[in-house]
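As stored in model27.tsv (TSV, C-alpha atoms):
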```
chain	number	residue	atom	x	y	z
A	1	MET	CA	130.60	-75.36	43.84
A	2	GLN	CA	128.36	-77.97	45.48
A	3	PRO	CA	126.21	-80.05	43.09
A	4	LEU	CA	122.68	-78.76	42.79
A	5	PRO	CA	119.81	-81.12	43.68
A	6	ILE	CA	118.48	-81.41	40.14
A	7	ASP	CA	118.76	-84.44	37.90
A	8	TRP	CA	119.57	-82.81	34.56
A	9	LYS	CA	120.23	-86.11	32.84
A	10	THR	CA	116.96	-87.88	33.56
A	11	ARG	CA	114.39	-85.08	33.77
A	12	GLY	CA	114.56	-83.92	30.19
A	13	LYS	CA	117.31	-83.02	27.77
A	14	ALA	CA	119.08	-79.74	27.16
A	15	HIS	CA	118.70	-78.51	23.60
A	16	ALA	CA	120.52	-76.18	21.24
A	17	PHE	CA	119.21	-74.87	17.92
A	18	HIS	CA	120.34	-72.32	15.34
A	19	TYR	CA	118.36	-69.76	13.36
A	20	PRO	CA	119.92	-67.38	10.79
A	21	SER	CA	118.83	-63.78	10.15
A	22	THR	CA	119.21	-62.87	6.49
A	23	SER	CA	118.86	-59.07	6.51
A	24	ALA	CA	119.66	-56.11	8.74
A	25	THR	CA	115.97	-55.30	9.03
A	26	GLU	CA	115.15	-58.83	10.14
A	27	ALA	CA	117.98	-58.82	12.71
A	28	LYS	CA	116.90	-55.48	14.18
A	29	ASP	CA	113.27	-56.55	14.33
A	30	TYR	CA	114.33	-59.78	16.04
A	31	TYR	CA	116.25	-57.81	18.65
A	32	THR	CA	113.32	-55.48	19.31
A	33	ARG	CA	110.62	-58.15	19.43
A	34	GLN	CA	112.40	-61.12	21.02
A	35	LEU	CA	115.72	-60.17	22.57
A	36	ALA	CA	115.31	-56.80	24.25
A	37	PRO	CA	114.15	-57.53	27.84
A	38	SER	CA	111.70	-54.63	27.99
A	39	ASP	CA	109.55	-56.30	25.36
A	40	TYR	CA	110.01	-59.95	26.27
A	41	TYR	CA	108.60	-60.28	29.77
A	42	THR	CA	105.36	-59.40	31.45
A	43	GLN	CA	105.68	-56.38	33.70
A	44	ASP	CA	106.22	-58.32	36.94
A	45	MET	CA	108.99	-60.59	35.61
A	46	ALA	CA	112.66	-59.88	36.31
A	47	GLU	CA	114.63	-58.79	33.26
A	48	MET	CA	118.18	-59.69	32.24
A	49	PRO	CA	120.06	-57.44	29.82
A	50	GLY	CA	122.11	-59.07	27.10
A	51	GLN	CA	125.86	-59.45	27.63
A	52	TRP	CA	128.70	-59.26	25.13
A	53	HIS	CA	131.00	-62.27	24.82
A	54	GLY	CA	133.79	-63.48	22.57
A	55	LEU	CA	137.24	-62.39	21.49
A	56	GLY	CA	135.76	-60.59	18.49
A	57	SER	CA	133.60	-58.46	20.78
A	58	GLU	CA	136.69	-57.55	22.80
A	59	LEU	CA	138.49	-56.45	19.63
A	60	LEU	CA	135.58	-54.09	18.92
A	61	GLY	CA	135.58	-52.72	22.45
A	62	LEU	CA	132.22	-54.33	23.25
A	63	LYS	CA	131.78	-55.53	26.81
A	64	GLY	CA	129.12	-55.64	29.52
A	65	ASP	CA	125.47	-54.92	28.75
A	66	VAL	CA	124.33	-54.95	25.13
A	67	GLN	CA	123.18	-51.55	23.90
A	68	GLN	CA	120.69	-51.34	21.04
A	69	LYS	CA	122.84	-48.89	19.08
A	70	ASP	CA	125.78	-51.32	19.04
A	71	PHE	CA	123.60	-54.28	18.09
A	72	PHE	CA	122.00	-52.28	15.28
A	73	ALA	CA	125.37	-51.01	14.04
A	74	LEU	CA	126.64	-54.58	13.70
A	75	ALA	CA	123.40	-55.56	11.96
A	76	ASP	CA	124.22	-52.83	9.42
A	77	ASN	CA	127.78	-54.23	9.09
A	78	LEU	CA	129.25	-51.17	10.79
A	79	ASN	CA	132.00	-50.98	13.39
A	80	PRO	CA	130.15	-49.68	16.50
A	81	GLN	CA	133.19	-47.62	17.53
A	82	THR	CA	134.02	-45.94	14.21
A	83	GLY	CA	130.79	-46.12	12.20
A	84	LYS	CA	132.76	-47.45	9.22
A	85	ASN	CA	132.04	-50.67	7.33
A	86	LEU	CA	133.18	-53.69	9.30
A	87	THR	CA	133.56	-56.28	6.53
A	88	ARG	CA	134.16	-55.41	2.89
A	89	ILE	CA	130.82	-56.42	1.40
A	90	THR	CA	127.40	-55.23	2.59
A	91	GLN	CA	124.52	-56.76	0.65
A	92	ALA	CA	120.82	-56.16	1.17
A	93	ASN	CA	120.04	-59.84	1.66
A	94	ARG	CA	123.16	-61.03	3.43
A	95	ARG	CA	123.38	-63.37	6.39
A	96	VAL	CA	123.64	-60.96	9.34
A	97	LEU	CA	123.80	-63.33	12.31
A	98	TYR	CA	123.06	-66.76	13.65
A	99	ASP	CA	121.01	-67.23	16.79
A	100	PHE	CA	122.19	-70.35	18.63
A	101	THR	CA	119.51	-70.99	21.24
A	102	PHE	CA	120.24	-73.13	24.29
A	103	ASP	CA	117.30	-74.50	26.29
A	104	ALA	CA	117.49	-75.97	29.77
A	105	PRO	CA	115.33	-79.00	30.60
A	106	LYS	CA	111.92	-78.15	32.02
A	107	SER	CA	112.86	-79.46	35.46
A	108	VAL	CA	115.78	-77.03	35.64
A	109	SER	CA	113.59	-74.12	34.57
A	110	LEU	CA	111.00	-74.96	37.23
A	111	ALA	CA	113.66	-75.44	39.90
A	112	TYR	CA	115.02	-71.98	39.20
A	113	GLU	CA	111.60	-70.31	39.15
A	114	LEU	CA	110.28	-72.07	42.25
A	115	GLY	CA	113.47	-72.21	44.29
A	116	SER	CA	115.04	-68.89	43.30
A	117	ASP	CA	118.46	-70.55	43.57
A	118	GLU	CA	120.84	-68.33	41.62
A	119	ARG	CA	123.30	-71.23	41.37
A	120	VAL	CA	120.96	-72.81	38.84
A	121	LEU	CA	121.15	-69.71	36.65
A	122	ARG	CA	124.94	-69.45	37.00
A	123	ALA	CA	125.38	-73.15	36.16
A	124	PHE	CA	123.20	-72.80	33.06
A	125	GLN	CA	124.98	-69.67	31.84
A	126	SER	CA	128.38	-71.24	32.51
A	127	SER	CA	127.41	-74.30	30.45
A	128	VAL	CA	126.38	-72.11	27.51
A	129	SER	CA	129.59	-70.08	27.75
A	130	GLU	CA	131.70	-73.25	27.84
A	131	THR	CA	129.99	-74.54	24.71
A	132	MET	CA	130.22	-71.20	22.92
A	133	ASN	CA	133.92	-70.95	23.78
A	134	GLU	CA	134.47	-74.27	22.03
A	135	MET	CA	132.47	-73.08	19.04
A	136	GLU	CA	134.47	-69.85	18.95
A	137	GLY	CA	137.68	-71.87	18.76
A	138	ALA	CA	136.32	-73.49	15.59
A	139	MET	CA	135.21	-70.25	13.93
A	140	MET	CA	136.58	-69.81	10.40
A	141	THR	CA	136.56	-67.42	7.46
A	142	ARG	CA	136.82	-68.05	3.75
A	143	VAL	CA	140.15	-67.53	1.98
A	144	ARG	CA	139.83	-66.67	-1.71
A	145	ALA	CA	142.83	-64.38	-2.28
A	146	LYS	CA	145.40	-65.24	-4.96
A	147	GLY	CA	143.40	-68.15	-6.29
A	148	ALA	CA	142.98	-69.85	-2.92
A	149	ASP	CA	139.76	-71.73	-2.14
A	150	GLU	CA	139.85	-72.79	1.49
A	151	ASP	CA	138.75	-71.88	4.99
A	152	ARG	CA	141.01	-70.48	7.70
A	153	VAL	CA	140.46	-70.84	11.44
A	154	THR	CA	140.19	-67.44	13.14
A	155	SER	CA	139.00	-68.50	16.61
A	156	ASN	CA	137.15	-65.28	17.37
A	157	MET	CA	133.46	-64.39	17.48
A	158	VAL	CA	131.33	-61.32	18.03
A	159	TRP	CA	128.42	-62.66	20.04
A	160	ALA	CA	125.90	-61.53	22.61
A	161	GLY	CA	124.05	-63.72	25.10
A	162	PHE	CA	120.45	-62.99	26.07
A	163	THR	CA	119.20	-65.09	28.98
A	164	HIS	CA	115.42	-65.45	29.28
A	165	ARG	CA	113.50	-67.11	32.09
A	166	THR	CA	110.30	-67.74	30.17
A	167	THR	CA	108.90	-68.31	26.73
A	168	ARG	CA	107.03	-65.43	25.18
A	169	PRO	CA	103.68	-64.93	26.94
A	170	VAL	CA	100.64	-66.68	25.45
A	171	ASP	CA	97.34	-65.06	26.44
A	172	GLY	CA	99.32	-62.97	28.91
A	173	LEU	CA	100.80	-65.96	30.75
A	174	PRO	CA	104.55	-66.67	30.34
A	175	ASP	CA	105.70	-70.27	30.68
A	176	PRO	CA	108.89	-70.95	32.71
A	177	GLN	CA	111.63	-71.96	30.27
A	178	LEU	CA	115.20	-70.98	31.06
A	179	HIS	CA	117.08	-70.44	27.80
A	180	MET	CA	119.74	-68.30	26.20
A	181	HIS	CA	119.93	-66.75	22.74
A	182	ALA	CA	123.59	-66.65	21.69
A	183	THR	CA	123.51	-64.29	18.71
A	184	VAL	CA	126.68	-64.53	16.63
A	185	PHE	CA	127.30	-61.80	14.06
A	186	ASN	CA	128.65	-62.61	10.62
A	187	ALA	CA	132.08	-61.12	11.22
A	188	THR	CA	135.42	-62.47	12.38
A	189	TYR	CA	138.90	-60.96	12.42
A	190	ASP	CA	141.45	-62.61	10.13
A	191	THR	CA	144.86	-62.01	11.71
A	192	VAL	CA	146.65	-63.24	8.56
A	193	GLU	CA	145.00	-60.70	6.26
A	194	ASN	CA	144.67	-58.20	9.13
A	195	LYS	CA	141.04	-57.33	8.50
A	196	TRP	CA	137.44	-58.15	9.42
A	197	LYS	CA	135.80	-60.65	7.11
A	198	ALA	CA	132.56	-62.58	6.86
A	199	ALA	CA	132.51	-65.62	9.11
A	200	GLN	CA	132.20	-69.19	7.87
A	201	PHE	CA	129.45	-70.97	9.84
A	202	SER	CA	129.12	-74.15	7.79
A	203	ASN	CA	131.25	-76.25	10.14
A	204	LEU	CA	129.37	-75.03	13.22
A	205	VAL	CA	126.01	-75.80	11.61
A	206	ARG	CA	127.30	-79.17	10.40
A	207	ASP	CA	128.50	-80.08	13.89
A	208	LYS	CA	125.46	-78.76	15.78
A	209	GLY	CA	124.68	-82.25	17.08
A	210	TYR	CA	128.09	-82.43	18.71
A	211	TYR	CA	127.72	-78.98	20.28
A	212	GLN	CA	124.28	-79.86	21.61
A	213	ALA	CA	125.78	-82.95	23.23
A	214	ALA	CA	128.68	-80.87	24.58
A	215	PHE	CA	126.21	-78.41	26.10
A	216	SER	CA	124.24	-81.20	27.75
A	217	PHE	CA	127.44	-82.77	29.07
A	218	ALA	CA	128.71	-79.44	30.44
A	219	ALA	CA	125.38	-78.73	32.10
A	220	GLY	CA	125.14	-82.23	33.53
A	221	GLY	CA	128.50	-81.79	35.19
A	222	GLN	CA	127.27	-78.74	37.09
A	223	VAL	CA	123.59	-79.45	37.72
A	224	VAL	CA	123.12	-83.00	39.00
```

Would it be possible to restate this file's structure as structure tokens?
Amino acid sequence: MQPLPIDWKTRGKAHAFHYPSTSATEAKDYYTRQLAPSDYYTQDMAEMPGQWHGLGSELLGLKGDVQQKDFFALADNLNPQTGKNLTRITQANRRVLYDFTFDAPKSVSLAYELGSDERVLRAFQSSVSETMNEMEGAMMTRVRAKGADEDRVTSNMVWAGFTHRTTRPVDGLPDPQLHMHATVFNATYDTVENKWKAAQFSNLVRDKGYYQAAFSFAAGGQVV
């Protein structure tokens, strides 16, 4: 792919942040109000449906466009295919998901909106996927069986990516801001114990500075 005529490195930084949802109700409301494309954009803006990603999603048979029923099932800690509990414990105030949000620099957002160059969008999405793949490789779960007190690497995630072109409208006017919400559910498959368990996010949150830098580096290699 030919380099795009945008200076990612000097016209603003790419950013990544994380926000946890601590109940099924909160996660569902977040999907309805901020993730679902029909509610996010003004009527004349193009919409992009969410897409499933990750090895964990594949294990659950989730691929392609995100459907509300599947997102809500996971928020309720249910296997979308069987309707049965996914992980062993379902608490009212449990951590349901993390939203890792990746923002492109303003210059990149404007270049995409004004130039309608789909390579900009593909480069941005590819950079997020590359970073999320690295994060997935570091995904862990807690091991407490038989007196153990440690974390085990599982290297699989159940996550959905929602790409948005703008911030939420203020006074009816959306502001161009290309970004993606990578929502990672609190579930990972432990191949040693052969079951779904709660994910351990502490290392990902601890290393968020590294992943932000990795995202910026990945993006800079594609959009220059």

Closest pair table for stretch 14-130 of chain A residues within 6 Å of stretch 172-182 of chain A, all atoms listed in the file, as a tab-separated table:
```
residue	atom	partner	partner_atom	distance
A:Asp99	CA	A:Ala182	CA	5.6
A:Phe100	CA	A:Ala182	CA	5.0
A:Thr101	CA	A:His181	CA	4.5
A:Phe102	CA	A:Met180	CA	5.2
A:Asp103	CA	A:His179	CA	4.3
A:Ala104	CA	A:Leu178	CA	5.6
A:Ser109	CA	A:Leu178	CA	5.0
```

- May I have the protein, DNA and RNA residues with an atom at most 8 Å from (136.5, -63.6, 15.1), counting all atoms listed in the file in the file's coordinates, returned as a list of chain:residue names?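 Residues with an atom at most 8 Å from (136.5, -63.6, 15.1): A:Gly54, A:Leu55, A:Gly56, A:Glu136, A:Met139, A:Met140, A:Thr154, A:Ser155, A:Asn156, A:Met157, A:Val158, A:Ala187, A:Thr188, A:Tyr189, A:Asp190, A:Trp196, A:Ala199.
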
- Message: From the options A:Leu60, A:Val192, A:Val96, A:Ala160, which residue's atoms come nearest to A:Ser129, counting only C-alpha atoms?
- Response: A:Ala160

- Pairwise distance for atom CA of A:His164 and atom CA of A:Asn77, rounded to one decimal in Å: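 Atom-to-atom, atom CA of A:His164 and atom CA of A:Asn77 are spaced 26.2 Å apart.
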
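Distances to A:Thr87 were evaluated for A:Thr163, A:Leu74, A:Arg119, A:Ala213 using only C-alpha atoms, and the minimum falls at A:Leu74.
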
- Query: Quick one: distance from atom CA of A:Glu58 to atom CA of A:Glu130 in Å, one decimal?
  - Reply: 17.2 Å

- Item | Selected residue of minimal separation from A:Ala24 among A:His53, A:Lys63, A:Arg94, A:Lys84, counting all atoms listed in the file |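 For A:Ala24, the nearest of the candidates is A:Arg94.
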
- Neighbours of A:Glu193 within 12 Å (all atoms listed in the file; same-chain residues fewer than 4 positions away dropped), as a ChimeraX atom specification? /A:141-145,152,154,188-189,197

- Query: Hey, can you check how far atom CA of A:Tyr112 sits from atom CA of A:Gln125?
  - Reply: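 Going from atom CA of A:Tyr112 over to atom CA of A:Gln125 covers 12.6 Å.
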
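With all atoms listed in the file as the atoms that count, the minimum distance from A:Met135 to the choices A:Tyr30, A:Phe217, A:Phe201, A:Tyr19 is reached by A:Phe201.
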